[in-house]
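Source file run-v8.cif; content: mmCIF, C-alpha atoms and all ligand atoms.
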```cif
data_data
loop_
_atom_site.label_atom_id
_atom_site.label_comp_id
_atom_site.auth_asym_id
_atom_site.auth_seq_id
_atom_site.Cartn_x
_atom_site.Cartn_y
_atom_site.Cartn_z
CA MET A 28 25.24 0.53 -120.02
CA ARG A 29 26.86 -2.62 -118.70
CA ASN A 30 29.78 -4.07 -120.61
CA ILE A 31 29.84 -7.74 -119.62
CA GLN A 32 32.36 -9.97 -121.38
CA MET A 33 33.13 -13.67 -121.09
CA VAL A 34 36.65 -12.66 -120.03
CA ASP A 35 37.66 -9.11 -119.11
CA LEU A 36 41.29 -8.76 -120.20
CA GLN A 37 41.25 -4.96 -120.21
CA THR A 38 40.52 -4.69 -116.48
CA GLN A 39 43.10 -7.39 -115.79
CA TYR A 40 45.71 -5.37 -117.70
CA GLN A 41 44.84 -2.17 -115.80
CA ARG A 42 45.60 -3.99 -112.54
CA ILE A 43 49.06 -5.21 -113.58
CA LYS A 44 49.90 -2.39 -115.97
CA ASP A 45 52.93 -1.03 -114.11
CA GLU A 46 54.59 -4.44 -113.79
CA VAL A 47 53.88 -5.29 -117.44
CA ASN A 48 55.00 -1.99 -118.91
CA HIS A 49 58.20 -1.95 -116.89
CA SER A 50 59.07 -5.45 -118.04
CA LEU A 51 58.20 -4.76 -121.70
CA ASP A 52 60.32 -1.60 -121.64
CA GLN A 53 63.31 -3.65 -120.48
CA ILE A 54 62.87 -6.22 -123.25
CA MET A 55 62.47 -3.57 -125.95
CA SER A 56 65.57 -1.79 -124.67
CA LYS A 57 67.67 -4.97 -124.62
CA GLY A 58 66.46 -6.07 -128.05
CA HIS A 59 66.40 -9.82 -127.27
CA PHE A 60 63.07 -10.93 -128.64
CA ILE A 61 63.45 -14.68 -129.12
CA GLY A 62 64.71 -17.07 -126.45
CA GLY A 63 67.21 -15.75 -123.94
CA THR A 64 66.94 -15.20 -120.20
CA THR A 65 63.31 -14.02 -120.12
CA VAL A 66 62.04 -17.27 -121.63
CA LYS A 67 64.42 -19.35 -119.46
CA GLN A 68 63.27 -17.56 -116.32
CA PHE A 69 59.60 -18.13 -117.13
CA GLU A 70 60.27 -21.82 -117.82
CA ALA A 71 62.09 -22.13 -114.49
CA ASN A 72 59.35 -20.36 -112.54
CA LEU A 73 56.62 -22.42 -114.16
CA SER A 74 58.51 -25.62 -113.45
CA LEU A 75 58.70 -24.62 -109.76
CA TYR A 76 55.01 -23.70 -109.65
CA LEU A 77 53.89 -26.96 -111.23
CA ASP A 78 56.54 -29.10 -109.56
CA VAL A 79 57.61 -30.66 -112.85
CA LYS A 80 61.23 -31.16 -113.92
CA HIS A 81 61.10 -29.77 -117.46
CA VAL A 82 59.09 -26.97 -119.02
CA ILE A 83 59.61 -26.41 -122.74
CA ALA A 84 57.97 -23.21 -123.94
CA CYS A 85 56.58 -23.25 -127.47
CA GLY A 86 54.39 -21.33 -129.90
CA ASN A 87 50.91 -22.37 -128.78
CA GLY A 88 48.88 -25.17 -127.21
CA THR A 89 48.26 -26.93 -130.52
CA ASP A 90 51.98 -27.04 -131.29
CA ALA A 91 52.57 -28.37 -127.78
CA LEU A 92 50.28 -31.34 -128.53
CA GLN A 93 51.87 -31.91 -131.93
CA ILE A 94 55.42 -31.81 -130.59
CA ALA A 95 54.43 -34.16 -127.77
CA LEU A 96 53.17 -36.73 -130.28
CA MET A 97 56.19 -36.22 -132.56
CA ALA A 98 58.46 -37.15 -129.66
CA LEU A 99 56.83 -40.54 -129.09
CA ASP A 100 58.08 -42.47 -132.18
CA LEU A 101 54.63 -43.23 -133.55
CA PHE A 102 53.78 -44.73 -136.93
CA PRO A 103 50.86 -44.29 -139.34
CA GLY A 104 47.98 -46.47 -138.16
CA ASP A 105 48.86 -46.11 -134.50
CA GLU A 106 45.74 -45.31 -132.50
CA ILE A 107 45.41 -42.35 -130.19
CA ILE A 108 42.44 -42.22 -127.82
CA VAL A 109 40.84 -38.77 -127.31
CA PRO A 110 37.53 -37.54 -125.94
CA ALA A 111 34.87 -36.36 -128.44
CA PHE A 112 33.90 -33.45 -126.22
CA THR A 113 36.93 -31.18 -126.62
CA TYR A 114 38.41 -28.44 -128.72
CA VAL A 115 39.37 -29.59 -132.22
CA ALA A 116 43.13 -29.10 -131.66
CA THR A 117 43.37 -32.32 -129.67
CA ALA A 118 42.30 -34.47 -132.64
CA GLU A 119 43.75 -32.22 -135.32
CA VAL A 120 47.38 -32.95 -134.45
CA ILE A 121 46.65 -36.70 -134.53
CA ALA A 122 45.22 -36.49 -138.06
CA LEU A 123 47.99 -34.15 -139.17
CA LEU A 124 50.64 -36.71 -138.18
CA GLY A 125 48.86 -39.51 -140.06
CA LEU A 126 47.84 -41.24 -136.84
CA THR A 127 44.37 -42.61 -136.16
CA PRO A 128 42.14 -40.75 -133.70
CA VAL A 129 39.91 -43.03 -131.63
CA ILE A 130 37.23 -40.74 -130.32
CA ILE A 131 35.40 -41.70 -127.15
CA ASP A 132 32.63 -40.47 -124.88
CA VAL A 133 33.04 -38.56 -121.62
CA ASP A 134 31.52 -38.59 -118.16
CA PRO A 135 28.19 -36.71 -118.08
CA ASP A 136 29.00 -34.98 -114.76
CA HIS A 137 32.62 -33.87 -114.96
CA PHE A 138 32.88 -33.86 -118.79
CA ASN A 139 36.19 -35.77 -118.77
CA VAL A 140 37.32 -39.28 -119.68
CA SER A 141 38.00 -41.97 -117.10
CA TYR A 142 39.54 -45.43 -117.47
CA ASP A 143 36.10 -47.13 -117.46
CA ILE A 144 35.19 -45.23 -120.61
CA ILE A 145 38.59 -45.77 -122.25
CA GLU A 146 39.05 -49.50 -121.63
CA PRO A 147 36.76 -50.94 -124.34
CA TYR A 148 38.62 -48.92 -126.98
CA ILE A 149 42.10 -50.18 -126.19
CA THR A 150 43.58 -52.41 -128.92
CA ASP A 151 47.12 -53.58 -129.65
CA LYS A 152 47.45 -50.50 -131.86
CA THR A 153 46.70 -48.08 -129.01
CA LYS A 154 49.87 -46.07 -128.42
CA VAL A 155 48.70 -42.91 -126.65
CA ILE A 156 45.78 -41.75 -124.51
CA ILE A 157 45.13 -38.00 -124.43
CA PRO A 158 42.91 -37.07 -121.49
CA VAL A 159 41.74 -33.45 -121.75
CA HIS A 160 41.30 -31.70 -118.42
CA LEU A 161 38.27 -29.75 -119.54
CA PHE A 162 36.91 -26.47 -118.13
CA GLY A 163 39.25 -26.43 -115.09
CA GLN A 164 39.10 -29.91 -113.59
CA SER A 165 41.41 -32.90 -113.77
CA SER A 166 40.37 -36.13 -115.41
CA ASP A 167 40.28 -39.18 -113.13
CA MET A 168 43.91 -40.25 -113.59
CA LYS A 169 44.68 -43.08 -111.13
CA ALA A 170 43.27 -46.12 -112.95
CA LEU A 171 44.11 -44.51 -116.28
CA MET A 172 47.80 -44.17 -115.37
CA ASP A 173 48.06 -47.60 -113.71
CA ASN A 174 46.62 -49.36 -116.75
CA ALA A 175 48.51 -47.25 -119.30
CA ARG A 176 51.80 -48.11 -117.54
CA LYS A 177 50.92 -51.81 -117.47
CA LYS A 178 50.07 -51.84 -121.17
CA GLY A 179 52.97 -49.62 -122.30
CA ILE A 180 50.66 -46.84 -123.53
CA TYR A 181 51.82 -43.22 -123.32
CA VAL A 182 49.66 -40.60 -121.62
CA VAL A 183 49.71 -37.02 -122.91
CA GLU A 184 47.56 -34.64 -120.85
CA ASP A 185 45.94 -31.78 -122.75
CA ASN A 186 46.01 -29.27 -119.92
CA ALA A 187 45.23 -26.18 -122.01
CA GLN A 188 42.25 -25.33 -119.79
CA SER A 189 43.27 -26.37 -116.30
CA ILE A 190 46.64 -24.92 -115.34
CA GLY A 191 46.94 -24.82 -111.55
CA ALA A 192 44.29 -27.48 -110.89
CA ASN A 193 45.22 -30.14 -108.33
CA TYR A 194 44.59 -33.79 -109.05
CA ILE A 195 43.85 -35.45 -105.70
CA TYR A 196 44.72 -39.12 -105.08
CA ASP A 197 45.65 -41.58 -102.31
CA ASN A 198 44.00 -39.66 -99.49
CA LYS A 199 44.72 -36.08 -100.33
CA LYS A 200 48.10 -36.23 -102.04
CA GLU A 201 48.10 -33.63 -104.78
CA LYS A 202 49.73 -33.28 -108.16
CA LYS A 203 49.18 -30.44 -110.60
CA THR A 204 47.36 -31.38 -113.79
CA GLY A 205 49.76 -31.70 -116.72
CA THR A 206 52.43 -33.35 -114.54
CA ILE A 207 50.78 -36.75 -114.08
CA GLY A 208 51.22 -38.39 -117.50
CA ASP A 209 54.37 -38.84 -119.59
CA ILE A 210 53.88 -35.40 -121.13
CA GLY A 211 51.54 -32.50 -120.38
CA THR A 212 50.68 -29.57 -122.65
CA LEU A 213 49.58 -26.00 -121.94
CA SER A 214 48.13 -23.16 -123.98
CA PHE A 215 48.68 -19.50 -123.11
CA TYR A 216 46.03 -18.23 -125.53
CA PRO A 217 44.93 -14.84 -124.10
CA SER A 218 41.62 -16.08 -122.64
CA LYS A 219 43.12 -19.17 -120.95
CA ASN A 220 43.59 -19.00 -117.17
CA LEU A 221 47.25 -18.07 -117.68
CA GLY A 222 47.04 -16.04 -120.87
CA ALA A 223 49.67 -14.18 -122.89
CA TYR A 224 49.08 -11.07 -125.01
CA GLY A 225 49.36 -13.22 -128.10
CA ASP A 226 50.02 -16.92 -128.64
CA GLY A 227 52.03 -19.22 -126.42
CA GLY A 228 52.22 -22.76 -125.15
CA ALA A 229 54.38 -25.16 -123.15
CA ILE A 230 55.22 -28.84 -122.87
CA LEU A 231 55.80 -30.48 -119.48
CA THR A 232 57.64 -33.66 -118.56
CA ASP A 233 59.67 -35.22 -115.76
CA ASP A 234 61.61 -37.42 -118.21
CA ASP A 235 65.09 -36.07 -119.09
CA GLU A 236 65.39 -37.94 -122.37
CA LEU A 237 61.92 -36.94 -123.56
CA ALA A 238 62.60 -33.35 -122.52
CA ALA A 239 65.72 -33.14 -124.68
CA LYS A 240 63.83 -34.59 -127.62
CA LEU A 241 60.85 -32.27 -127.17
CA ARG A 242 63.13 -29.24 -127.00
CA SER A 243 64.96 -30.32 -130.10
CA ILE A 244 61.76 -30.97 -132.09
CA ALA A 245 60.42 -27.51 -131.20
CA ASN A 246 63.65 -26.10 -132.61
CA HIS A 247 63.92 -27.70 -136.07
CA GLY A 248 65.12 -31.04 -134.67
CA GLN A 249 68.40 -29.39 -133.85
CA SER A 250 70.92 -30.89 -131.40
CA GLN A 251 73.49 -28.14 -131.81
CA LYS A 252 73.27 -25.08 -134.00
CA TYR A 253 72.92 -26.11 -137.68
CA TYR A 254 73.01 -29.86 -136.90
CA HIS A 255 69.58 -31.45 -137.36
CA ASP A 256 69.12 -34.99 -136.07
CA ILE A 257 65.37 -35.38 -136.48
CA VAL A 258 62.62 -33.68 -138.46
CA GLY A 259 61.22 -31.01 -136.19
CA CYS A 260 59.24 -27.81 -136.48
CA ASN A 261 59.60 -24.18 -135.51
CA SER A 262 57.65 -23.36 -132.40
CA ARG A 263 58.82 -20.81 -129.90
CA LEU A 264 57.54 -18.50 -127.20
CA ASP A 265 58.85 -14.99 -127.67
CA ALA A 266 60.43 -12.95 -124.90
CA ILE A 267 57.58 -10.44 -124.72
CA GLN A 268 55.01 -13.18 -124.10
CA ALA A 269 57.33 -14.91 -121.62
CA ALA A 270 57.71 -11.68 -119.63
CA ILE A 271 53.95 -11.15 -119.47
CA LEU A 272 53.34 -14.78 -118.53
CA ASP A 273 55.99 -14.62 -115.82
CA ILE A 274 54.22 -11.64 -114.25
CA LYS A 275 50.80 -13.26 -114.52
CA LEU A 276 52.15 -16.54 -113.09
CA GLY A 277 52.80 -14.59 -109.89
CA HIS A 278 49.07 -13.77 -109.77
CA LEU A 279 47.76 -17.14 -110.92
CA ASP A 280 46.79 -18.53 -107.51
CA ASN A 281 44.94 -15.31 -106.74
CA TYR A 282 43.18 -15.47 -110.11
CA ILE A 283 42.15 -19.05 -109.33
CA THR A 284 40.77 -18.02 -105.92
CA LEU A 285 38.76 -15.19 -107.50
CA ARG A 286 37.38 -17.53 -110.19
CA GLY A 287 36.31 -19.88 -107.40
CA LYS A 288 34.43 -17.03 -105.69
CA VAL A 289 32.61 -16.16 -108.91
CA ALA A 290 31.68 -19.84 -109.27
CA GLU A 291 30.32 -19.97 -105.71
CA ARG A 292 28.21 -16.87 -106.31
CA TYR A 293 26.70 -18.51 -109.39
CA ASP A 294 26.12 -21.75 -107.45
CA LEU A 295 24.24 -19.88 -104.73
CA GLY A 296 22.28 -17.70 -107.12
CA LEU A 297 21.22 -20.47 -109.49
CA LYS A 298 20.76 -23.52 -107.27
CA SER A 299 17.02 -22.96 -106.80
CA ILE A 300 16.36 -23.29 -110.54
CA GLY A 301 15.29 -26.88 -111.18
CA ALA A 302 16.00 -26.79 -114.91
CA ILE A 303 19.69 -25.99 -114.33
CA LYS A 304 22.36 -28.50 -113.37
CA LEU A 305 25.27 -26.67 -111.74
CA PRO A 306 28.91 -27.58 -112.46
CA TYR A 307 29.89 -30.83 -110.77
CA ARG A 308 32.93 -30.82 -108.51
CA ALA A 309 34.79 -34.09 -108.85
CA GLU A 310 36.17 -35.52 -105.60
CA PHE A 311 39.52 -36.21 -107.29
CA SER A 312 40.20 -32.64 -108.43
CA SER A 313 40.18 -29.01 -107.41
CA HIS A 314 38.38 -26.77 -109.91
CA VAL A 315 40.08 -23.72 -111.45
CA PHE A 316 36.93 -22.74 -113.38
CA HIS A 317 38.33 -21.97 -116.78
CA GLN A 318 34.64 -22.18 -117.67
CA TYR A 319 31.52 -22.11 -115.52
CA THR A 320 29.40 -24.52 -117.52
CA ILE A 321 25.80 -25.32 -116.61
CA LYS A 322 23.54 -27.94 -118.16
CA LEU A 323 19.99 -27.00 -119.11
CA LYS A 324 16.87 -29.18 -119.19
CA ASP A 325 15.88 -30.11 -122.73
CA GLY A 326 14.81 -27.26 -124.95
CA HIS A 327 15.95 -24.39 -122.71
CA ARG A 328 19.61 -23.91 -123.69
CA ASP A 329 19.24 -21.99 -126.94
CA GLN A 330 16.31 -19.94 -125.66
CA LEU A 331 18.16 -18.95 -122.50
CA LYS A 332 21.23 -18.01 -124.54
CA GLU A 333 19.00 -15.85 -126.75
CA HIS A 334 17.39 -14.19 -123.72
CA LEU A 335 20.78 -13.41 -122.16
CA SER A 336 22.06 -12.05 -125.44
CA LYS A 337 19.11 -9.63 -125.63
CA CYS A 338 20.06 -8.43 -122.14
CA GLY A 339 23.66 -7.76 -123.24
CA ILE A 340 25.00 -10.87 -121.50
CA PRO A 341 27.38 -13.05 -123.52
CA SER A 342 27.40 -16.83 -123.08
CA MET A 343 29.14 -19.55 -125.07
CA ILE A 344 28.48 -23.12 -126.15
CA TYR A 345 31.61 -25.19 -125.59
CA TYR A 346 31.23 -27.32 -127.69
CA PRO A 347 28.31 -27.27 -130.13
CA VAL A 348 29.50 -30.11 -132.40
CA PRO A 349 31.22 -33.37 -131.38
CA LEU A 350 34.56 -34.10 -133.05
CA TYR A 351 33.12 -37.02 -135.03
CA LYS A 352 30.49 -34.77 -136.61
CA GLN A 353 33.05 -32.28 -137.90
CA LYS A 354 33.42 -32.49 -141.66
CA ALA A 355 37.20 -32.84 -141.52
CA TYR A 356 36.96 -35.95 -139.33
CA ALA A 357 34.01 -37.68 -141.06
CA GLN A 358 36.41 -40.05 -142.87
CA TYR A 359 37.29 -41.74 -139.58
CA PHE A 360 33.68 -42.72 -138.74
CA LYS A 361 30.68 -44.59 -140.04
CA ALA A 362 27.82 -42.26 -140.93
CA ASP A 363 25.73 -43.31 -137.92
CA PHE A 364 28.54 -43.13 -135.36
CA ALA A 365 27.29 -41.39 -132.21
CA LEU A 366 28.34 -41.08 -128.59
CA PRO A 367 25.24 -40.49 -126.47
CA ILE A 368 26.70 -38.42 -123.64
CA THR A 369 28.68 -36.14 -125.91
CA GLU A 370 25.59 -35.63 -128.12
CA LYS A 371 23.52 -34.68 -125.10
CA LEU A 372 26.19 -32.32 -123.73
CA CYS A 373 26.53 -30.53 -127.07
CA ASP A 374 22.78 -29.82 -126.92
CA THR A 375 22.51 -28.79 -123.28
CA VAL A 376 25.67 -27.04 -122.02
CA LEU A 377 26.08 -23.30 -121.64
CA SER A 378 29.13 -21.47 -120.32
CA LEU A 379 28.52 -18.21 -118.45
CA PRO A 380 30.93 -15.27 -118.13
CA ILE A 381 33.67 -16.02 -115.61
CA CYS A 382 36.97 -14.29 -114.91
CA PRO A 383 38.75 -12.94 -111.84
CA GLU A 384 37.59 -9.40 -112.73
CA LEU A 385 33.85 -10.08 -113.08
CA LYS A 386 32.06 -7.45 -110.94
CA SER A 387 29.60 -8.77 -108.33
CA GLU A 388 26.88 -6.38 -109.52
CA ASP A 389 27.30 -7.57 -113.10
CA GLN A 390 27.20 -11.17 -111.93
CA ASP A 391 24.05 -10.51 -109.89
CA TYR A 392 22.46 -9.01 -113.02
CA ILE A 393 23.35 -12.20 -114.97
CA ILE A 394 21.82 -14.36 -112.22
CA GLU A 395 18.71 -12.15 -112.10
CA GLU A 396 18.20 -12.38 -115.86
CA ILE A 397 18.50 -16.18 -115.72
CA HIS A 398 15.76 -16.16 -113.06
CA ASN A 399 13.68 -13.80 -115.22
CA TYR A 400 13.94 -16.23 -118.11
CA PHE A 401 12.72 -19.15 -115.99
CA ASN A 402 9.94 -17.07 -114.40
CA ILE A 403 8.52 -16.74 -117.91
CA HIS A 404 9.51 -20.12 -119.40
CA GLY A 405 9.83 -22.32 -116.32
C1 LIG B 501 42.98 -23.80 -126.29
C2 LIG B 501 43.05 -25.24 -126.40
C3 LIG B 501 44.01 -25.89 -127.22
C4 LIG B 501 44.87 -25.17 -128.21
O1 LIG B 501 45.63 -24.14 -127.72
P1 LIG B 501 46.13 -22.99 -128.73
O2 LIG B 501 47.11 -22.23 -127.89
O3 LIG B 501 44.94 -22.18 -129.12
O4 LIG B 501 46.77 -23.64 -129.89
C5 LIG B 501 44.09 -27.27 -127.18
N1 LIG B 501 43.25 -27.99 -126.42
C6 LIG B 501 42.31 -27.43 -125.65
C7 LIG B 501 41.43 -28.31 -124.82
C8 LIG B 501 42.16 -26.04 -125.62
O5 LIG B 501 41.20 -25.49 -124.85
#
```
With the file now loaded, output its structure as structure tokens.
Amino acid sequence: MRNIQMVDLQTQYQRIKDEVNHSLDQIMSKGHFIGGTTVKQFEANLSLYLDVKHVIACGNGTDALQIALMALDLFPGDEIIVPAFTYVATAEVIALLGLTPVIIDVDPDHFNVSYDIIEPYITDKTKVIIPVHLFGQSSDMKALMDNARKKGIYVVEDNAQSIGANYIYDNKKEKKTGTIGDIGTLSFYPSKNLGAYGDGGAILTDDDELAAKLRSIANHGQSQKYYHDIVGCNSRLDAIQAAILDIKLGHLDNYITLRGKVAERYDLGLKSIGAIKLPYRAEFSSHVFHQYTIKLKDGHRDQLKEHLSKCGIPSMIYYPVPLYKQKAYAQYFKADFALPITEKLCDTVLSLPICPELKSEDQDYIIEEIHNYFNIHG
């Protein structure tokens, strides 16, 4: 019996077991579980990898977004622009801080925002734009950054899904996603491309002053021990997670390469099926394939998902419901508010299993079963 999973963390662990267990044994023996050298070392290594001046580790990717917004001196009523086609965390922190989410549509091909889409929504209350680099690709950042700078609007990149992706600009110059805006955020949720064995997150910035403020907010607004200058929160990465992340960071580029190979195998195997639109590769970004997300011709998505499920193949709908249709966010919208591209994506996208450990024979079986479905229903 095949055991196909969206993400195979057990096999990944088996391959790095010796490194992980050795490192965990050291931490347990030393007894330093919060902060300390392990967390500092991971922050330093990540800052080198991403080529960003400051990395502030924190509790998770949602906290990272919240702390980022807390550092920007915003006031109730300030408007924050976010895409509708994203995970709820992006809008949640805005609502939680009493700010106003302005939820916008995305590009139908690469699923991300671009300045063209954003521009009509900018008002004199717009204080922050949060592009989400969804599924493993960068948003189109050039015009977005140029205009945000001109208008004095902050840019916070939600990079929970695209660590390691390269944004490409000005004839092949590259910058890692999360290091382009004023602040970038990361999640180390276990199934993310760089995943811990529990929760974790990080905040990125090149700005010294912002970095000090972000670090202080994540630590109860403390400037020195027991002196609290601003209202903060408690959000920290523990040493055990930092040690695991530091080991996995050493493998991240290899993991990205292997994800790319899985994606190519899907591309080749599925390209002859007319009812499937393969993932688009934007010219301004590399793709780290956090998700391999296809679009199905009308009516096929749910049936194909059902067929795969009967064959023991998991698949996921990211995301089935746009932000503005979530009950918690209804208060921000008129009843008939709708964004056409997001609506369509929610009805037609399907994410297939992808991870560095996916076996070729299992992947071929997935491809074969997709063909079988279309041989019957095509
Ligand atoms: C995972 C994710 C988050 C939240 O990260 P957590 O670590 O689960 O809090 C935020 N935004 C996006 C786009 C995500 O995919």
| query | Within 8 Å of ligand LIG 501 (chain B), counting all atoms listed in the file, which protein or nucleic acid residues do you find, written as a ChimeraX atom specification? | reply | /A:86-92,113-117,159-161,185-188,213-216,219,226-228
| said: Need to verify the contact set: Lys67 in chain A, 12 Å, all atoms listed in the file, exclusion of same-chain residues closer than 6 positions in sequence. Can you return it as an MDAnalysis selection string? | reply: chainID A and resid 61 73:74 81:85 263:266 269:270 273
Contacts of Ile149 in chain A within 10 Å, only C-alpha atoms, excl. fewer than 5 positions in-chain, as a PDB file with C-alpha atoms, in the frame of the given file:
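And here is the file that came out, selection35.pdb:
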```
ATOM      1  CA  GLU A 106      45.740 -45.310-132.500  1.00  0.00           C
ATOM      2  CA  ILE A 107      45.410 -42.350-130.190  1.00  0.00           C
ATOM      3  CA  ILE A 108      42.440 -42.220-127.820  1.00  0.00           C
ATOM      4  CA  VAL A 129      39.910 -43.030-131.630  1.00  0.00           C
ATOM      5  CA  LYS A 154      49.870 -46.070-128.420  1.00  0.00           C
ATOM      6  CA  VAL A 155      48.700 -42.910-126.650  1.00  0.00           C
ATOM      7  CA  ILE A 156      45.780 -41.750-124.510  1.00  0.00           C
ATOM      8  CA  ALA A 175      48.510 -47.250-119.300  1.00  0.00           C
ATOM      9  CA  LYS A 178      50.070 -51.840-121.170  1.00  0.00           C
ATOM     10  CA  ILE A 180      50.660 -46.840-123.530  1.00  0.00           C
TER      11      ILE A 180
END
```
| said: I want to know what sits within 7 Å of range 307-311 of chain A, based on only C-alpha atoms, with residues of the same chain fewer than 2 positions away left out; could you give that as a VMD selection string? | reply: chain A and resid 136 to 137 167 194 to 196 305 314
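For the residues A:Ile207, A:Ile190, A:Ile340, A:Ala365, ranking by smallest atom-to-atom distance to Asp173 in chain A using only C-alpha atoms places A:Ile207 first.
From CA of Met97 in chain A back to CA of Ile244 in chain A, the distance works out to 7.7 Å.
When all atoms listed in the file are used to compute distances to Lys169 in chain A, the closest of the residues A:Leu123, A:Val140, A:Leu36, A:Ile257 turns out to be A:Val140.
The shell of residues at most 12 Å from Gly287 in chain A, with only C-alpha atoms counted and near chain neighbours (fewer than 5 positions) removed, consists of A:Gly163, A:Ala192, A:Asp280, A:Asn281, A:Tyr282, A:Arg292, A:Tyr293, A:Asp294, A:Pro306, A:Arg308, A:Ser313, A:His314, A:Val315, A:Phe316, A:His317, A:Gln318, A:Tyr319, A:Ile381, A:Cys382, A:Pro383, A:Glu384, A:Leu385.
In terms of minimum interatomic distance to Glu236 in chain A, A:Ile210 ranks closest within A:Ile267, A:Cys260, A:Ile397, A:Ile210, counting only C-alpha atoms.
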| task | Please identify all polymer residues lying at most 12 Å from the point (19.3, -14.7, -125.2) (file coordinates), using only C-alpha atoms, and present the result as JSON, numbers by chain. | result | {"A": [327, 328, 329, 330, 331, 332, 333, 334, 335, 336, 337, 338, 339, 340, 341, 342, 343, 377, 379, 393, 396, 397, 399, 400]}
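Distance annotation: of A:Gln390, A:Asn72, A:Asn261, A:Thr127, the residue with the minimal separation from Tyr356 in chain A is A:Thr127; atom set is only C-alpha atoms.
Distances to Arg42 in chain A were evaluated for A:Lys200, A:Lys240, A:Lys304, A:Lys275 using all atoms listed in the file, and the minimum falls at A:Lys275.
Interatomic distance, CA of Ser250 in chain A against CA of Leu231 in chain A: 19.3 Å.
For the residues A:Ala111, A:Leu77, A:Ala357, A:Ile121, ranking by smallest atom-to-atom distance to Val133 in chain A using only C-alpha atoms places A:Ala111 first.
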| What does the distance between CA of Ala95 in chain A and CA of Ile274 in chain A come to in Å, to one decimal place? | 26.3 Å
